[in-house]
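See structure below.
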Amino acid sequence: MENLIEQAVKNFIKSRSQNAEDLARFKREFSRQHKVKNLSNVSLLSAYHKLLKTGKIKDNPAIRKLFVKRPIRSLSGIVNISVLTKPYKCPGACLYCPQQSGMPKSYLKGEPAAQRAYDLKFDAAKQVFQRLEVLSQSGHATDKIDLRIIGATWSAYPKKYRQDFIKACFAACNVWPNKKALNKMLALPLEKVQTKNEKAKHKIIGIAIETRPDCINVKEIKFLRELGVTKVELGVQSIYDDVLELNKRGHLSDKTILATKLLRDAGFKIAYQMMPNLPGSNFRKDLQMFEILFNDSRFQPDFLKIYPLAVLKEAPLYKLWKNKKFKSYTLKELSTLLAQIKYSLPYYVRV
């Protein structure tokens with residue numbers, strides 16, 4: 001099969017094709033002719049590099065770019081790597097939040113990043129290694145990395161665990177692909193590992209964490225700075241106090257306002273995670289909520305993540321939904337709401 005893929009690369013180069021449509025057509029025809037599964041871009045790129053290394057072909061940047069899987073991942077010159085923290089208790093008891101055995105709260109097995117973390121026993125360095133390997137094999141440049149740490153509420157984890165987790169991410173980037181050098185790098189203090197990363201081939205240029213607004217205070221902000229965090233994703237969900245209370249969020253909008261001020265004053269990028277269709281809200285209130293977010297200077301996040309409510313069996317809300325005490329938006333209502341929300345947003349906010 002390996003020789004067949006190499007032959008496919010040679011044939012495609014000879015065809016002088018230069019666009020994605022030609023490549024898709026070529027793969028279909030080649031697979032049909034040789035009675036094999038449709039060739040993946042990853043396998044083609046791997047064969048391309050092997051042929052290039054052995055001198056059997058000359059480098060063709062245009063062809064090489066065509067073999068890159070999902071080029072938009074690194075179009076900006078930066079690749080995103082998500083790593084998931086281990087299961088740990090969360091200070092919240094939200095109605096909509098799922099809890100699955102063996103997983104951090106709000107994350108489920110089967111989701112790509114979550115499943116990968118579960119399979120690797122939530123080892124931070126191993127998660128980074130695997131993503132760097134896959135991205136590299138897919139043809140993406142991995143010299144600039146935007147690290148996103150996901151899982152249960154980051155600020156609720158023990159301080160040492162968070163320090164070790166961040167250090168493992170930096171260490172993995174410093175030594176990859178030389179896995180044997182990892183333990184020696186991990187033996188160094190966090191600050192030294194961070195400093196070494198400044199001149200590493202795989203630099204972490206940004207770190208995002210997820211936390212609750214009521215976990216943000218001056219002490220926490222100072223610690224986030226020590227860790228190298230640059231962006232904070234706040235689980236805001238709603239700015240209506242009655243909706244927050246009904247959904248047992250555990251804090252009111254005043255905590256969101258304070259957290260936003262503290263983070264902004266400290267120079268962090270701020271992302272809001274918002275959840276339309278919560279119990280106690282409605283179409284009009286949800287639409288108005290996004291208008292308030294950007295008209296009220298106490299909010300105005302730099303980034304926005306919109307998570308329409310999904311009723312999951314692992315969440316307390318499921319029982320209310322099953323007993324017909326809660327009704328979700330129809331697909332038409334939801335799509336209309338999202339379209340109107342996006343139409344009303346200012347140009348500067350990234351969604």
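Labels for the structure tokens follow display order: chains A, B, ..., residues from 1 in each chain, ligands from 1.
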Need to verify the contact set: Glu226 in chain A, 12 Å, only C-alpha atoms, exclusion of same-chain residues closer than 2 positions in sequence. Can you return it as a PDB file with N, CA and C atoms, in the first residue's frame?
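This went into out-v2.pdb:
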ATOM      1  N   LYS A 159      -3.228  24.347  43.227  1.00  0.00           N
ATOM      2  CA  LYS A 159      -2.202  25.207  42.632  1.00  0.00           C
ATOM      3  C   LYS A 159      -1.065  24.393  42.020  1.00  0.00           C
ATOM      4  N   ARG A 162      -1.919  22.740  38.722  1.00  0.00           N
ATOM      5  CA  ARG A 162      -1.956  23.687  37.607  1.00  0.00           C
ATOM      6  C   ARG A 162      -0.542  24.067  37.159  1.00  0.00           C
ATOM      7  N   GLN A 163       0.352  24.245  38.110  1.00  0.00           N
ATOM      8  CA  GLN A 163       1.747  24.551  37.769  1.00  0.00           C
ATOM      9  C   GLN A 163       2.381  23.401  36.984  1.00  0.00           C
ATOM     10  N   ILE A 166       0.850  23.092  33.341  1.00  0.00           N
ATOM     11  CA  ILE A 166       1.395  24.110  32.431  1.00  0.00           C
ATOM     12  C   ILE A 166       2.850  23.784  32.079  1.00  0.00           C
ATOM     13  N   LYS A 167       3.620  23.382  33.093  1.00  0.00           N
ATOM     14  CA  LYS A 167       5.034  23.060  32.856  1.00  0.00           C
ATOM     15  C   LYS A 167       5.163  21.901  31.877  1.00  0.00           C
ATOM     16  N   LEU A 190       9.340  25.694  36.734  1.00  0.00           N
ATOM     17  CA  LEU A 190       8.431  26.206  35.707  1.00  0.00           C
ATOM     18  C   LEU A 190       9.025  27.417  34.985  1.00  0.00           C
ATOM     19  N   GLU A 191       9.547  28.361  35.726  1.00  0.00           N
ATOM     20  CA  GLU A 191      10.066  29.594  35.133  1.00  0.00           C
ATOM     21  C   GLU A 191      11.186  29.306  34.126  1.00  0.00           C
ATOM     22  N   GLN A 194       9.700  27.789  30.957  1.00  0.00           N
ATOM     23  CA  GLN A 194       9.071  28.858  30.176  1.00  0.00           C
ATOM     24  C   GLN A 194      10.118  29.672  29.418  1.00  0.00           C
ATOM     25  N   ILE A 207      -1.816  31.346  25.867  1.00  0.00           N
ATOM     26  CA  ILE A 207      -2.445  30.287  26.667  1.00  0.00           C
ATOM     27  C   ILE A 207      -3.815  30.758  27.121  1.00  0.00           C
ATOM     28  N   LYS A 219      -5.661  37.755  43.593  1.00  0.00           N
ATOM     29  CA  LYS A 219      -4.711  36.669  43.852  1.00  0.00           C
ATOM     30  C   LYS A 219      -4.677  35.684  42.685  1.00  0.00           C
ATOM     31  N   GLU A 220      -5.846  35.342  42.184  1.00  0.00           N
ATOM     32  CA  GLU A 220      -5.929  34.398  41.058  1.00  0.00           C
ATOM     33  C   GLU A 220      -5.298  35.002  39.804  1.00  0.00           C
ATOM     34  N   ILE A 221      -5.533  36.273  39.575  1.00  0.00           N
ATOM     35  CA  ILE A 221      -4.967  36.944  38.395  1.00  0.00           C
ATOM     36  C   ILE A 221      -3.441  36.944  38.447  1.00  0.00           C
ATOM     37  N   LYS A 222      -2.868  37.184  39.608  1.00  0.00           N
ATOM     38  CA  LYS A 222      -1.408  37.157  39.749  1.00  0.00           C
ATOM     39  C   LYS A 222      -0.860  35.765  39.443  1.00  0.00           C
ATOM     40  N   PHE A 223      -1.579  34.748  39.893  1.00  0.00           N
ATOM     41  CA  PHE A 223      -1.141  33.367  39.649  1.00  0.00           C
ATOM     42  C   PHE A 223      -1.247  33.021  38.158  1.00  0.00           C
ATOM     43  N   LEU A 224      -2.322  33.472  37.521  1.00  0.00           N
ATOM     44  CA  LEU A 224      -2.476  33.236  36.083  1.00  0.00           C
ATOM     45  C   LEU A 224      -1.328  33.870  35.303  1.00  0.00           C
ATOM     46  N   GLY A 228       1.654  32.146  32.798  1.00  0.00           N
ATOM     47  CA  GLY A 228       1.807  32.544  31.400  1.00  0.00           C
ATOM     48  C   GLY A 228       0.494  32.625  30.643  1.00  0.00           C
ATOM     49  N   VAL A 229      -0.616  32.590  31.369  1.00  0.00           N
ATOM     50  CA  VAL A 229      -1.941  32.676  30.730  1.00  0.00           C
ATOM     51  C   VAL A 229      -2.121  34.057  30.100  1.00  0.00           C
ATOM     52  N   THR A 230      -2.677  34.076  28.889  1.00  0.00           N
ATOM     53  CA  THR A 230      -2.891  35.343  28.175  1.00  0.00           C
ATOM     54  C   THR A 230      -4.368  35.617  27.889  1.00  0.00           C
TER      55      THR A 230
END
Give one line per residue of range 76-192 of chain A that approaches range 295-310 of chain A to at most 12 Å, naming the two atoms of the closest pair and their distance in Å to one decimal, counting only C-alpha atoms; sort by chain then ascending residue number and deliver it as CSV.
residue,atom,partner,partner_atom,distance
A:Leu95,CA,A:Leu309,CA,10.8
A:Tyr96,CA,A:Leu309,CA,7.5
A:Cys97,CA,A:Ala310,CA,9.4
A:Pro98,CA,A:Ala310,CA,9.9
A:Ser106,CA,A:Ala310,CA,11.4
I need the residues from that last selection saved to file as an mmCIF file, in the first residue's frame (with N, CA and C atoms), if you can.
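result_8.cif was written with the following content:
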data_model
loop_
_atom_site.group_PDB
_atom_site.id
_atom_site.type_symbol
_atom_site.label_atom_id
_atom_site.label_comp_id
_atom_site.auth_asym_id
_atom_site.auth_seq_id
_atom_site.Cartn_x
_atom_site.Cartn_y
_atom_site.Cartn_z
ATOM 1 N N LEU A 95 -27.721 23.353 36.367
ATOM 2 C CA LEU A 95 -28.719 22.414 35.851
ATOM 3 C C LEU A 95 -28.323 21.793 34.521
ATOM 4 N N TYR A 96 -27.673 22.567 33.675
ATOM 5 C CA TYR A 96 -27.411 22.147 32.300
ATOM 6 C C TYR A 96 -26.093 21.397 32.128
ATOM 7 N N CYS A 97 -25.261 21.360 33.173
ATOM 8 C CA CYS A 97 -23.900 20.843 33.038
ATOM 9 C C CYS A 97 -23.848 19.325 33.206
ATOM 10 N N PRO A 98 -23.328 18.608 32.214
ATOM 11 C CA PRO A 98 -23.245 17.146 32.313
ATOM 12 C C PRO A 98 -22.066 16.688 33.165
ATOM 13 N N SER A 106 -18.638 18.774 32.525
ATOM 14 C CA SER A 106 -19.054 19.478 31.302
ATOM 15 C C SER A 106 -18.437 18.902 30.037
#
Legend entry - 12 Å contact set for Ala156 in chain A, only C-alpha atoms, chain neighbours under 6 positions out, as a PyMOL selection string: chain A and resi 85-92+104-105+162+209-216+220
Store the residues of this selection in a file with N, CA and C atoms, as a PDB file, in the first residue's frame.
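As a result, out-v1.pdb now contains:
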ATOM      1  N   THR A  85      -7.720  18.812  31.192  1.00  0.00           N
ATOM      2  CA  THR A  85      -7.292  18.486  32.549  1.00  0.00           C
ATOM      3  C   THR A  85      -8.026  17.245  33.061  1.00  0.00           C
ATOM      4  N   LYS A  86      -7.502  16.670  34.128  1.00  0.00           N
ATOM      5  CA  LYS A  86      -8.077  15.446  34.697  1.00  0.00           C
ATOM      6  C   LYS A  86      -9.445  15.733  35.338  1.00  0.00           C
ATOM      7  N   PRO A  87     -10.241  14.687  35.595  1.00  0.00           N
ATOM      8  CA  PRO A  87     -11.513  14.890  36.305  1.00  0.00           C
ATOM      9  C   PRO A  87     -11.259  15.494  37.684  1.00  0.00           C
ATOM     10  N   TYR A  88     -12.074  16.490  38.032  1.00  0.00           N
ATOM     11  CA  TYR A  88     -11.914  17.138  39.329  1.00  0.00           C
ATOM     12  C   TYR A  88     -13.220  17.827  39.686  1.00  0.00           C
ATOM     13  N   LYS A  89     -13.452  17.970  40.974  1.00  0.00           N
ATOM     14  CA  LYS A  89     -14.695  18.583  41.438  1.00  0.00           C
ATOM     15  C   LYS A  89     -14.811  20.018  40.959  1.00  0.00           C
ATOM     16  N   CYS A  90     -16.038  20.449  40.694  1.00  0.00           N
ATOM     17  CA  CYS A  90     -16.304  21.815  40.263  1.00  0.00           C
ATOM     18  C   CYS A  90     -17.161  22.491  41.335  1.00  0.00           C
ATOM     19  N   PRO A  91     -16.922  23.772  41.627  1.00  0.00           N
ATOM     20  CA  PRO A  91     -17.715  24.459  42.655  1.00  0.00           C
ATOM     21  C   PRO A  91     -19.162  24.701  42.246  1.00  0.00           C
ATOM     22  N   GLY A  92     -19.482  24.477  40.971  1.00  0.00           N
ATOM     23  CA  GLY A  92     -20.830  24.734  40.490  1.00  0.00           C
ATOM     24  C   GLY A  92     -21.737  23.512  40.549  1.00  0.00           C
ATOM     25  N   PRO A 104     -13.789  15.231  33.255  1.00  0.00           N
ATOM     26  CA  PRO A 104     -14.005  16.516  33.933  1.00  0.00           C
ATOM     27  C   PRO A 104     -15.435  16.980  33.678  1.00  0.00           C
ATOM     28  N   LYS A 105     -16.004  17.684  34.627  1.00  0.00           N
ATOM     29  CA  LYS A 105     -17.380  18.136  34.479  1.00  0.00           C
ATOM     30  C   LYS A 105     -17.551  18.999  33.236  1.00  0.00           C
ATOM     31  N   ARG A 162      -1.919  22.740  38.722  1.00  0.00           N
ATOM     32  CA  ARG A 162      -1.956  23.687  37.607  1.00  0.00           C
ATOM     33  C   ARG A 162      -0.542  24.067  37.159  1.00  0.00           C
ATOM     34  N   ILE A 209      -7.361  29.676  29.333  1.00  0.00           N
ATOM     35  CA  ILE A 209      -7.952  28.748  30.318  1.00  0.00           C
ATOM     36  C   ILE A 209      -9.445  29.053  30.441  1.00  0.00           C
ATOM     37  N   GLU A 210     -10.194  28.097  30.989  1.00  0.00           N
ATOM     38  CA  GLU A 210     -11.636  28.276  31.227  1.00  0.00           C
ATOM     39  C   GLU A 210     -11.875  28.341  32.736  1.00  0.00           C
ATOM     40  N   THR A 211     -12.661  29.307  33.168  1.00  0.00           N
ATOM     41  CA  THR A 211     -12.978  29.389  34.583  1.00  0.00           C
ATOM     42  C   THR A 211     -14.309  30.109  34.788  1.00  0.00           C
ATOM     43  N   ARG A 212     -14.731  30.162  36.032  1.00  0.00           N
ATOM     44  CA  ARG A 212     -15.986  30.826  36.385  1.00  0.00           C
ATOM     45  C   ARG A 212     -15.701  32.275  36.803  1.00  0.00           C
ATOM     46  N   PRO A 213     -16.618  33.185  36.536  1.00  0.00           N
ATOM     47  CA  PRO A 213     -16.425  34.579  36.957  1.00  0.00           C
ATOM     48  C   PRO A 213     -16.200  34.737  38.454  1.00  0.00           C
ATOM     49  N   ASP A 214     -16.864  33.902  39.263  1.00  0.00           N
ATOM     50  CA  ASP A 214     -16.732  34.051  40.717  1.00  0.00           C
ATOM     51  C   ASP A 214     -15.416  33.474  41.251  1.00  0.00           C
ATOM     52  N   CYS A 215     -14.580  32.942  40.369  1.00  0.00           N
ATOM     53  CA  CYS A 215     -13.260  32.441  40.779  1.00  0.00           C
ATOM     54  C   CYS A 215     -12.152  33.464  40.530  1.00  0.00           C
ATOM     55  N   ILE A 216     -12.522  34.572  39.891  1.00  0.00           N
ATOM     56  CA  ILE A 216     -11.520  35.583  39.543  1.00  0.00           C
ATOM     57  C   ILE A 216     -11.399  36.641  40.633  1.00  0.00           C
ATOM     58  N   GLU A 220      -5.846  35.342  42.184  1.00  0.00           N
ATOM     59  CA  GLU A 220      -5.929  34.398  41.058  1.00  0.00           C
ATOM     60  C   GLU A 220      -5.298  35.002  39.804  1.00  0.00           C
TER      61      GLU A 220
END
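Relative to CA of Ser344 in chain A, CA of Leu293 in chain A is found at 10.8 Å.
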Inset, instruction - Would you mind listing what lies within 12 Å of Thr330 in chain A as a VMD selection string, with only C-alpha atoms counted and same-chain residues fewer than 2 positions away left out? - result: chain A and resid 277 283 308 to 310 327 to 328 332 to 337
Tell me which protein, DNA and RNA residues are within 8 Å of Asp143 in chain A, counting only C-alpha atoms, leaving out same-chain ones fewer than 5 positions away, and put them as a CSV table (one decimal) with all heavy atoms, in the first residue's frame.
chain,number,residue,atom,x,y,z
A,78,ILE,N,-0.4,30.3,13.1
A,78,ILE,CA,-0.5,29.8,14.4
A,78,ILE,C,-1.4,28.5,14.5
A,78,ILE,O,-2.5,28.6,13.9
A,78,ILE,CB,-1.1,30.8,15.4
A,78,ILE,CG1,-0.1,32.1,15.4
A,78,ILE,CG2,-1.2,30.3,16.8
A,78,ILE,CD1,-0.7,33.3,16.1
A,201,LYS,N,11.9,25.6,19.1
A,201,LYS,CA,11.4,25.5,17.7
A,201,LYS,C,9.8,25.6,17.7
A,201,LYS,O,9.2,25.9,16.8
A,201,LYS,CB,11.8,24.2,17.1
A,201,LYS,CG,13.3,24.2,16.7
A,201,LYS,CD,13.7,22.9,16.0
A,201,LYS,CE,15.2,23.0,15.7
A,201,LYS,NZ,15.6,21.7,15.0
A,202,HIS,N,9.3,25.2,18.9
A,202,HIS,CA,7.8,25.2,19.0
A,202,HIS,C,7.4,26.1,20.2
A,202,HIS,O,7.4,25.6,21.3
A,202,HIS,CB,7.3,23.7,19.2
A,202,HIS,CG,7.9,22.8,18.2
A,202,HIS,ND1,7.4,22.7,16.9
A,202,HIS,CD2,8.9,21.9,18.3
A,202,HIS,CE1,8.1,21.8,16.2
A,202,HIS,NE2,9.0,21.3,17.0
A,203,LYS,N,7.1,27.3,19.9
A,203,LYS,CA,6.9,28.3,20.9
A,203,LYS,C,5.4,28.4,21.2
A,203,LYS,O,4.6,28.4,20.3
A,203,LYS,CB,7.4,29.7,20.4
A,203,LYS,CG,8.9,29.8,20.2
A,203,LYS,CD,9.2,31.2,19.8
A,203,LYS,CE,10.7,31.3,19.5
A,203,LYS,NZ,11.2,30.5,18.4
Inset, instruction - Using backbone DSSP assignments, extract all strand (DSSP E) residues from range 46-290 of chain A; output them as a VMD selection string. - result: chain A and resid 79 to 84 144 to 150 203 to 211 231 to 237 269 to 274
